[in-house]
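Have a look at the structure below before the remarks.
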Amino acid sequence: MLIGKPTIIPPSEITSETLYRQRRQLLGLLAAGAVSFAASWVGINTSIAAPPSGPARRFSTLRPSPFSTKEAANTFKQITTYNNFYEFGTGKSDPAQNAGTLITVPWNVTVDGEVSKPGTYNLDDLIKPHALEERIYRLRCVEGWSMVIPWVGFPLGDLLKRFAPTSRAKFVEFTSLFDPKQMPGQRIHILKWPYKEGLRIDEAMHPLTILAIGVYGQNLPNQNGAPIRLVVPWKYGFKSIKSIVHIRLVEQMPETSWSLENPHEFGFYSNVNPAVDHPRWSQKTERRIGEFVRRKTLPFNGYADEVAHLYRGMDLKEFF
Amino acid sequence: MRDPARWLKPLFFTVSLLPLLVLLFRALFSDLGVNPVETLHHTLGDWTLRFLIITLLITPLRLIPGWNWLSKMRRMMGLYAFFYATLHLIVYLAIDQQFDWSAIDDDITHHPYITLGMSAYVLLIPLAITSNHTMINRLGNYWKKLHRMIYLITALGILHFYLLVKADTREPLFYAGLFCVLLILRLLLAGRKVT
């Protein structure tokens with residue numbers, strides 16, 4: 001005998017998560033619209049971060065990493081609205097406003113050069129064999145500010161090994177997408193496009209070096225270098241190239257965008273080093289975003305125990 | 001004709017104060033962005049350069065379209081340049097460097113963009129001090145020579161900005177272009193007397 005009504009609500013009557021999210025998003029947009037309309041009257045610049053394109057994937061099983069810092073992470077808003085990504089404009093808030101034009105699905109990455117098994121892979125196939133980890137890293141920009149960012153990614157070295165580098169693979173060259181239609185900043189020659197970066201092979205194979213596909217447990221927003229970017233936490237931020245389409249293993253030290261732009265100011269290594277000033281400004285201190293008082297910049301951005309041995313015997317003033 | 005300066009002066013005064021009011025308003029509502037110190041610092045620097053350019057624009061505007069009433073505004077615009085420069089400097093010393101004098105000293109002696117900015121500010125001080133009627137009368141011919149320094153100060157200010165940017169030099173070059181046009185105009189008009 002049935003007493004009362006069954007308490008189980010049929011699934012059809014529950015608001016689906018997608019619908020729930022859509023409603024939230026609509027409410028959010030309406031509120032943001034009202035605020036920015038009001039703000040525009042008094043000359044205030046409001047920016048709404050562009051939502052990540054492609055499936056808003058949340059990563060459920062993330063392995064924690066012993067390399068993660070215990071320091072408090074910056075907020076999602078700070079990480080996603082204050083970016084240097086000249087492909088979308090040179091102002092700090094430009095990428096969050098303009099990166100909506102970047103199409104990240106489908107996305108292919110080519111790995112070739114000095115490898116036995118070169119190939120071009122769809123992003124999903126490329127990352128499938130790798131267990132994703134959360135890596136909470138400090139990021140130090142050459143301009144003198146820093147953040148703590150919870151990346152989602154996996155070691156670059158693990159990926160490179162799958163392609164079987166040859167003995168002549170001494171360096172790795174990375175290239176960002178070149179498409180002025182999607183990346184309006186590339187219509188102006190500020191840097192030599194496409195953006196290129198490079199690492200020495202031992203730097204690339206170091207377990208701290210990761211390819212990131214997410215931040216705060218979800219897909220990378222476009223302005224942070226979606227859908228896949230490099231993160232090298234002991235080097236200045238510009239080394240951590242965004243929106244990678246090509247990884248090439250090479251014998252000679254590759255050209256990199258910022259040292260092409262100004263070889264006296266931006267070296268190939270660009271390790272965070274308070275003892276070597278940028279020719280135009282000091283590198284001794286930094287402002288952690290969200291903090292008021294400057295803090296001392298640490299050698300190798302605080303990762304000296306892990307990486308200082310890579311540069312033993314090198315004059316870091318000469319190889320800046 | 002009635003002197004338009006009578007009502008234009010308070011108007012210019014109020015409008016010139018707006019950039020600061022907007023900044024204060026934004027600070028009050030935590031709307032200075034993710035890096036508020038940088039926003040304050042850069043915005044005040046921008047307005048210093050803009051007021052220097054506006055000050056230089058006044059004499060050509062008096063001579064070419066003949067807007068002579070603007071003569072009453074030149075001192076105010078110059079003093080506003082000094083005002084925004086002072087705020088810009090205070091943000092650098094007090095908020096950015098928190099009076100860390102060894103870091104400030106290192107900056108001034110080793111980093112040319114700071115050296116230039118600081119020199120421009122120091123040169124601006126005597127101009128601000130001698131901007132009143134008493135000093136104009138007392139200094140006579142020497143006053144004009146002294147105040148021509150505004151061209152050097154503006155050039156230093158633009159160079160200070162140019163040396164700060166990493167790669168996108170469009171904005172400082174825009175100021176440099178404006179400055180060159182104004183300098184050329186001034187040289188061409190050098191013979192003409194302002195009544």
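For the structure tokens, the naming scheme is as follows: chains receive sequential letters (A, B, ...) according to their order of presentation, residues are indexed from 1 within each chain, and ligands are indexed from 1 in presentation order.
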Find the residues around range 130-133 of chain B up to 9 Å (only C-alpha atoms counted), leave out those fewer than 2 positions away in its own chain, and share them as a list in words.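 My reading of the contact set: Arg75, Gly78, Leu79, Ile125, Pro126, Leu127, Ala128, Met135, Ile136, Asn137, Arg138, Leu139, Trp143 and His147 of chain B.
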Selection export as a PDB file, in the first residue's frame, atoms kept: C-alpha atoms:
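What follows is the written file selection28.pdb:
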ATOM      1  CA  ARG B  75      48.585  79.612 -16.056  1.00  0.00           C
ATOM      2  CA  GLY B  78      50.218  74.827 -16.345  1.00  0.00           C
ATOM      3  CA  LEU B  79      49.397  74.643 -12.651  1.00  0.00           C
ATOM      4  CA  ILE B 125      58.797  73.466  -9.524  1.00  0.00           C
ATOM      5  CA  PRO B 126      60.339  76.903 -10.305  1.00  0.00           C
ATOM      6  CA  LEU B 127      57.730  77.435 -13.011  1.00  0.00           C
ATOM      7  CA  ALA B 128      54.926  76.762 -10.544  1.00  0.00           C
ATOM      8  CA  MET B 135      56.926  87.091  -9.887  1.00  0.00           C
ATOM      9  CA  ILE B 136      56.008  87.896 -13.482  1.00  0.00           C
ATOM     10  CA  ASN B 137      56.537  91.583 -12.770  1.00  0.00           C
ATOM     11  CA  ARG B 138      59.647  91.062 -10.700  1.00  0.00           C
ATOM     12  CA  LEU B 139      61.377  88.764 -13.183  1.00  0.00           C
ATOM     13  CA  TRP B 143      60.380  85.234 -16.699  1.00  0.00           C
ATOM     14  CA  HIS B 147      59.013  79.592 -18.687  1.00  0.00           C
TER      15      HIS B 147
END
Pick out the chain A residues within 10 Å of chain B. Count only C-alpha atoms. Give them as a ChimeraX atom specification. /A:39,42-47,75,77-82,86,89-93,142-143,145,188-191,258,261-262,265,277-282,284-285,287-294
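Near Lys72 in chain B, within 8 Å and counting only C-alpha atoms, sit Ala5, Lys9 and Met76 of chain B; same-chain residues fewer than 4 positions away were not included.
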Write out as a list in words each polymer residue whose atoms come within 12 Å of Asp125 in chain A, counting only C-alpha atoms; drop sequence neighbours fewer than 6 positions from it. Pro106, Trp107, Asn108, Val109, Thr110, Gly119 and Leu159 of chain A
Leaving out Asp158 in chain A and any residue of its chain fewer than 6 positions from it, which residues lie within 12 Å of it when counting only C-alpha atoms, given as a list of chain:residue names? A:Leu126, A:Ile127, A:Pro129, A:His130, A:Ala131, A:Leu132, A:Ala164, A:Pro165, A:Ala204, A:Met205, A:His206, A:Pro207, A:Leu208, A:Thr209, A:Ile210, A:Leu211
Could you give me, as a VMD selection string, the residues within 8 Å of range 229-236 of chain A, counting only C-alpha atoms and dropping anything in the same chain fewer than 5 positions from it? chain A and resid 137 to 142 208 to 213 241 to 244 269 to 272 300 to 304 307
At what distance in Å, to one decimal, does CA of Leu124 in chain B lie from CA of Pro60 in chain B? 21.2 Å
Can you work out which one of A:Pro180, A:Glu87, A:Gly217, A:Ile103 has the shortest atom-to-atom distance to Thr61 in chain A, counting only C-alpha atoms? A:Gly217
Select from range 106-164 of chain A everything DSSP, run on the backbone, classes as alpha helix (DSSP H), then give the selection as a PDB file with C-alpha atoms, in the first residue's frame.
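As written to disk, selection-v2.pdb reads:
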ATOM      1  CA  LEU A 123      43.878  18.617 -28.672  1.00  0.00           C
ATOM      2  CA  ASP A 124      41.721  15.975 -26.962  1.00  0.00           C
ATOM      3  CA  ASP A 125      43.842  13.158 -28.403  1.00  0.00           C
ATOM      4  CA  LEU A 126      47.018  14.997 -27.497  1.00  0.00           C
ATOM      5  CA  ILE A 127      46.169  15.292 -23.815  1.00  0.00           C
ATOM      6  CA  LEU A 156      55.607  18.920 -20.832  1.00  0.00           C
ATOM      7  CA  GLY A 157      58.374  16.326 -20.551  1.00  0.00           C
ATOM      8  CA  ASP A 158      55.837  13.472 -20.450  1.00  0.00           C
ATOM      9  CA  LEU A 159      54.339  14.690 -23.697  1.00  0.00           C
ATOM     10  CA  LEU A 160      57.688  15.186 -25.432  1.00  0.00           C
ATOM     11  CA  LYS A 161      58.792  11.631 -24.549  1.00  0.00           C
ATOM     12  CA  ARG A 162      55.812  10.221 -26.472  1.00  0.00           C
TER      13      ARG A 162
END
Quick one: pull the distance between CA of Tyr92 in chain B and CA of Asn273 in chain A, Å, one decimal.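 A separation of 23.1 Å between them.
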Can you tell me, as a count of residues only, which residues in range 64-298 of chain A count as strand (DSSP E or B) by DSSP? 68
